[in-house]
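Novice: Submitted below is the structure of interest, expressed as structure tokens.
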Protein chains: 2
Amino acid sequence: MTQCLLLDAGSGGRASQRLVAQCFVRRFANPLLERMDDAALLAGLDGPLAMSTDSYTVTPLFFPGGSIGTLAVHGTVNDVTMLGARPHYLSCAFILEEGLPLETLEKIADDMAAAAREADVLIVTGDTKVVPRGACDKIFINTTGIGSVFADPVPSGAAARPGDAVLVSGAVGDHGLTVMACREDLSFLSDVRSDSAPLNHMIARVLDAAGKVHVLRDPTRGGLATTLNEIAEQSGVSILLDEAAVPVHENVRNGCSFLGLDPLYLANEGKCICILPEDRAAAALDAMRASPYGKEAARIGTVQEGRPQVSLQTRIGGQRLLGMLEGAQLPRIC
Amino acid sequence: MTQCLLLDAGSGGRASQRLVAQCFVRRFANPLLERMDDAALLAGLDGPLAMSTDSYTVTPLFFPGGSIGTLAVHGTVNDVTMLGARPHYLSCAFILEEGLPLETLEKIADDMAAAAREADVLIVTGDTKVVPRGACDKIFINTTGIGSVFADPVPSGAAARPGDAVLVSGAVGDHGLTVMACREDLSFLSDVRSDSAPLNHMIARVLDAAGKVHVLRDPTRGGLATTLNEIAEQSGVSILLDEAAVPVHENVRNGCSFLGLDPLYLANEGKCICILPEDRAAAALDAMRASPYGKEAARIGTVQEGRPQVSLQTRIGGQRLLGMLEGAQLPRIC
């Protein structure tokens, strides 16, 4: 018989203790978590700190290439990483719907534990709320990460400079299209897979190899086009993209073309944009390509003086403006 | 006309930017938040770090004495504080239901901003997700806090020692009964108020005055009785409570008696338990009573050798065991 979550498990009493012990503590096992005080006691971190938070509400919970559990670790690890920081610690907070099969929760916790191990971060503190049936959709997870910033200068969306090279660490659009394909049960897209991945080890090597990086950003919700627009606005520069250079997997390109979607606006969960001085670009690309998550890294554009905007040099030689995402291509993508 | 939240506002595009700018950035205004990168860049903190996370799902959203917004700040500030730390930074992540009136969101953000100002913490990074109507109940908030630990020794639930005095910073049961009264529309309880409050300034003075504190805990979900049971188990000690000494407001006592509830198991959101050597108890009590949130502080019991359990010395001279909360008195209390 399937065991399902009871409302009691969120009460803060004995039932909560049992749930936390059974599902989380032994999977995320580390001495910091096991203290079980109101807050985790952590060794001080060197240098400035990076802190980032994200809530994950993706549906479906499991999809090719990942799950809400892998996203919850990778997404926050990557956001901390984008500040030129080494992520060390994650908190994780669950909002669970009464009646959720415990097996589902355990699979998600397994995914989180494996993702945390690969990224070499510790889940040090947590929270579990259970809400009555109908008050949330199955499971929402928040993770918040902290890390120590080691990059100098610290990368920022406001630091792109005319003349800089624009790199992306691999093909875009896979995550967004995968979630959509699962949700709509589009069988002709059965071979697309989310790119959900932790980028911290790769970025540490890129920063080491390049020495100086102006901007690091992961193009999640809103995709590559929206994230580049944000950077253009924050930095007050124009960005020229070369359409032919942007890596897009063939199945994603075909799927998008069939569905009338633009891969440049689809979410990614294991890619980063790196903007840096022209003379460091080759070293950064080499470092990306040496990582399992950066094999398809490419130089895709150049930063220019001019109005804050992103233009696309198309395959047929024209140029068009690439705006920021206006509506929602797809809710609950991460 | 009431403006309501559209699904677009969670897309990561232009509509998300507008929502974040309109509702959050100007209210939580500080230069760290305004950088708007993937993670916040924070000055390093001295000493070991304390990190704590909580998701808030309380219903109703507003109640006498507070709201989901005040809880989201006070709850996490207090959890960080309980490690003998000064809370410095909060992240905050919203999961919002499509159709939520923007006015509601703005009132909640106002409450958060005011609570953060009083507690002297900065909201430095955030996240906003919007889920389709029916996928969550109005609004859930996660806050995660970090602070620098300055207490030496660091208080821990495992550090209670036989002979220690047990203090509580004020009357218990107010928050739990208030939420219940609102939800069930119990008009004879119209004068109860949540105790939602930030305890960090008071605790800093207590630690300073007492020099040495073994345990600090805030008795939230599960109430005083459950939290003391956790401490008894973690420390391997027996705790003897004096029923007559536990402060309970008269309206709470009457309401509980009418409804068949026990105030010792009701949630508090502005109280702490402090366990410390007998000879420091008077100084700690004085420091609590000097704070606006500790005027009714009292010594309520003693730590003893023996089986890990909590016993209540009743008003009529008997003794009974006070177990841990088994079921759920009330879901979605915080």
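Labels used: A, B, ... for chains in the order of the structure tokens, numbers from 1 for residues in each chain, and numbers from 1 for ligands as shown.
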Could you pull out the strand (DSSP E or B) residues of range 40-255 of chain B from DSSP and send them as a ChimeraX atom specification?

Specialist: /B:40-42,49-56,62-63,66-67,85-97,101,122-131,136,139-149,165-168,215-217,238-242

Novice: Using DSSP on the backbone, list every residue of range 137-280 of chain B that comes out as helix (DSSP H, G or I), and give them as a PyMOL selection string.

Specialist: chain B and resi 174-184+187-189+200-210+223-235+243-245+250-259+263-265+278-280

Novice: What's around His201 in chain B at 12 Å? Count only C-alpha atoms, leave out sequence neighbours fewer than 4 positions away in its own chain, and write the answer as an mmCIF file with N, CA, C and O atoms, in the first residue's frame.

Specialist:
data_model
loop_
_atom_site.group_PDB
_atom_site.id
_atom_site.type_symbol
_atom_site.label_atom_id
_atom_site.label_comp_id
_atom_site.auth_asym_id
_atom_site.auth_seq_id
_atom_site.Cartn_x
_atom_site.Cartn_y
_atom_site.Cartn_z
ATOM 1 N N HIS B 74 9.940 37.826 11.490
ATOM 2 C CA HIS B 74 10.209 37.514 12.903
ATOM 3 C C HIS B 74 10.641 36.061 13.091
ATOM 4 O O HIS B 74 11.559 35.772 13.854
ATOM 5 N N VAL B 77 14.276 35.594 11.834
ATOM 6 C CA VAL B 77 15.153 36.376 12.716
ATOM 7 C C VAL B 77 15.317 35.646 14.049
ATOM 8 O O VAL B 77 16.429 35.495 14.572
ATOM 9 N N ASN B 78 14.206 35.160 14.592
ATOM 10 C CA ASN B 78 14.276 34.503 15.899
ATOM 11 C C ASN B 78 15.040 33.182 15.837
ATOM 12 O O ASN B 78 15.813 32.863 16.740
ATOM 13 N N THR B 81 18.612 33.945 15.815
ATOM 14 C CA THR B 81 18.962 34.475 17.131
ATOM 15 C C THR B 81 19.176 33.358 18.158
ATOM 16 O O THR B 81 20.043 33.470 19.037
ATOM 17 N N MET B 82 18.379 32.293 18.047
ATOM 18 C CA MET B 82 18.424 31.208 19.046
ATOM 19 C C MET B 82 19.767 30.469 19.057
ATOM 20 O O MET B 82 20.032 29.661 19.929
ATOM 21 N N GLY B 84 22.435 32.128 19.368
ATOM 22 C CA GLY B 84 23.346 33.105 19.958
ATOM 23 C C GLY B 84 24.011 33.953 18.892
ATOM 24 O O GLY B 84 25.180 34.308 18.994
ATOM 25 N N ALA B 85 23.226 34.263 17.873
ATOM 26 C CA ALA B 85 23.780 34.984 16.711
ATOM 27 C C ALA B 85 23.040 36.295 16.500
ATOM 28 O O ALA B 85 21.898 36.454 16.930
ATOM 29 N N ARG B 86 23.730 37.214 15.847
ATOM 30 C CA ARG B 86 23.115 38.446 15.388
ATOM 31 C C ARG B 86 22.673 38.229 13.946
ATOM 32 O O ARG B 86 23.519 38.063 13.066
ATOM 33 N N PRO B 87 21.354 38.221 13.667
ATOM 34 C CA PRO B 87 20.913 38.068 12.271
ATOM 35 C C PRO B 87 21.254 39.321 11.472
ATOM 36 O O PRO B 87 21.066 40.445 11.966
ATOM 37 N N GLU B 118 12.673 47.059 12.103
ATOM 38 C CA GLU B 118 12.721 46.950 13.568
ATOM 39 C C GLU B 118 13.802 45.956 14.013
ATOM 40 O O GLU B 118 14.518 46.188 14.989
ATOM 41 N N ALA B 119 13.896 44.855 13.288
ATOM 42 C CA ALA B 119 14.879 43.832 13.674
ATOM 43 C C ALA B 119 16.288 44.205 13.206
ATOM 44 O O ALA B 119 17.254 43.524 13.555
ATOM 45 N N ASP B 120 16.373 45.248 12.385
ATOM 46 C CA ASP B 120 17.673 45.692 11.886
ATOM 47 C C ASP B 120 18.357 44.617 11.036
ATOM 48 O O ASP B 120 19.550 44.329 11.211
ATOM 49 N N VAL B 121 17.576 44.001 10.149
ATOM 50 C CA VAL B 121 18.143 43.060 9.185
ATOM 51 C C VAL B 121 17.825 43.570 7.779
ATOM 52 O O VAL B 121 16.872 44.322 7.591
ATOM 53 N N ALA B 197 6.922 38.814 17.154
ATOM 54 C CA ALA B 197 7.889 39.866 17.512
ATOM 55 C C ALA B 197 9.311 39.382 17.240
ATOM 56 O O ALA B 197 9.591 38.187 17.295
ATOM 57 N N ARG B 205 20.886 41.337 24.689
ATOM 58 C CA ARG B 205 21.054 41.868 26.048
ATOM 59 C C ARG B 205 21.095 40.745 27.090
ATOM 60 O O ARG B 205 21.839 40.814 28.060
ATOM 61 N N VAL B 206 20.290 39.718 26.863
ATOM 62 C CA VAL B 206 20.292 38.580 27.796
ATOM 63 C C VAL B 206 21.660 37.901 27.796
ATOM 64 O O VAL B 206 22.224 37.587 28.852
ATOM 65 N N LEU B 207 22.208 37.689 26.616
ATOM 66 C CA LEU B 207 23.511 37.006 26.533
ATOM 67 C C LEU B 207 24.595 37.845 27.181
ATOM 68 O O LEU B 207 25.492 37.334 27.848
ATOM 69 N N ASP B 208 24.484 39.125 26.993
ATOM 70 C CA ASP B 208 25.438 40.051 27.576
ATOM 71 C C ASP B 208 25.336 40.027 29.111
ATOM 72 O O ASP B 208 26.339 39.938 29.816
ATOM 73 N N ALA B 287 17.256 41.188 32.298
ATOM 74 C CA ALA B 287 17.504 41.662 30.922
ATOM 75 C C ALA B 287 16.262 41.450 30.054
ATOM 76 O O ALA B 287 15.904 42.311 29.242
ATOM 77 N N MET B 288 15.588 40.321 30.218
ATOM 78 C CA MET B 288 14.356 40.096 29.448
ATOM 79 C C MET B 288 13.305 41.144 29.790
ATOM 80 O O MET B 288 12.681 41.735 28.909
ATOM 81 N N ALA B 290 13.561 44.020 30.827
ATOM 82 C CA ALA B 290 13.881 45.380 30.366
ATOM 83 C C ALA B 290 13.518 45.573 28.902
ATOM 84 O O ALA B 290 13.553 46.694 28.386
ATOM 85 N N SER B 291 13.176 44.504 28.210
ATOM 86 C CA SER B 291 12.824 44.608 26.785
ATOM 87 C C SER B 291 11.312 44.675 26.647
ATOM 88 O O SER B 291 10.573 44.067 27.432
ATOM 89 N N PRO B 292 10.819 45.395 25.623
ATOM 90 C CA PRO B 292 9.361 45.449 25.431
ATOM 91 C C PRO B 292 8.760 44.065 25.174
ATOM 92 O O PRO B 292 7.573 43.861 25.419
ATOM 93 N N TYR B 293 9.561 43.122 24.720
ATOM 94 C CA TYR B 293 9.011 41.795 24.415
ATOM 95 C C TYR B 293 9.253 40.775 25.521
ATOM 96 O O TYR B 293 8.998 39.594 25.336
ATOM 97 N N GLY B 294 9.772 41.238 26.672
ATOM 98 C CA GLY B 294 10.062 40.284 27.743
ATOM 99 C C GLY B 294 9.512 40.701 29.093
ATOM 100 O O GLY B 294 9.929 40.187 30.128
#

Novice: Using only C-alpha atoms, I'd like a table of the residues in chain B that come within 6 Å of chain A; for each, show the closest atom pair and its distance in Å rounded to one decimal, ordered by chain and ascending number, as a tab-separated table.

Specialist:
residue	atom	partner	partner_atom	distance
B:Asp8	CA	A:Ala328	CA	4.8
B:Ser11	CA	A:Ala328	CA	4.9
B:Gly12	CA	A:Arg221	CA	5.0
B:Gly13	CA	A:Leu325	CA	4.6
B:Arg14	CA	A:Glu326	CA	5.4
B:Asp38	CA	A:Asp79	CA	5.2
B:Ala39	CA	A:Ser52	CA	4.5
B:Ala40	CA	A:Met51	CA	5.1
B:Leu41	CA	A:Ala50	CA	4.9
B:Leu42	CA	A:Leu49	CA	4.9
B:Ala43	CA	A:Pro48	CA	4.7
B:Gly44	CA	A:Pro48	CA	4.3
B:Gly47	CA	A:Gly44	CA	5.5
B:Pro48	CA	A:Gly44	CA	4.3
B:Leu49	CA	A:Leu42	CA	4.8
B:Ala50	CA	A:Leu41	CA	4.9
B:Met51	CA	A:Ala40	CA	5.1
B:Ser52	CA	A:Ala39	CA	4.5
B:Thr53	CA	A:Gly126	CA	6.0
B:Asp54	CA	A:Asp127	CA	5.5
B:Asp79	CA	A:Asp38	CA	5.2
B:Val80	CA	A:Ala39	CA	5.5
B:Gly126	CA	A:Thr53	CA	6.0
B:Asp127	CA	A:Asp54	CA	5.5
B:Ala135	CA	A:Asp137	CA	4.9
B:Cys136	CA	A:Cys136	CA	4.1
B:Asp137	CA	A:Ala135	CA	4.9
B:Arg221	CA	A:Gly12	CA	5.0
B:Gly222	CA	A:Gly12	CA	5.2
B:Leu325	CA	A:Gly13	CA	4.6
B:Glu326	CA	A:Arg14	CA	5.4
B:Gly327	CA	A:Asp8	CA	5.2
B:Ala328	CA	A:Asp8	CA	4.8

Novice: Would you please work out which residue, of A:Glu296, A:Glu106, A:Glu34, A:Asp242, is nearest to Leu19 in chain A when using only C-alpha atoms?

Specialist: A:Glu106

Novice: To one decimal place, how far is CA of Val213 in chain B from CA of Leu241 in chain B in Å?

Specialist: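 For CA of Val213 in chain B relative to CA of Leu241 in chain B, the distance reads 18.6 Å.
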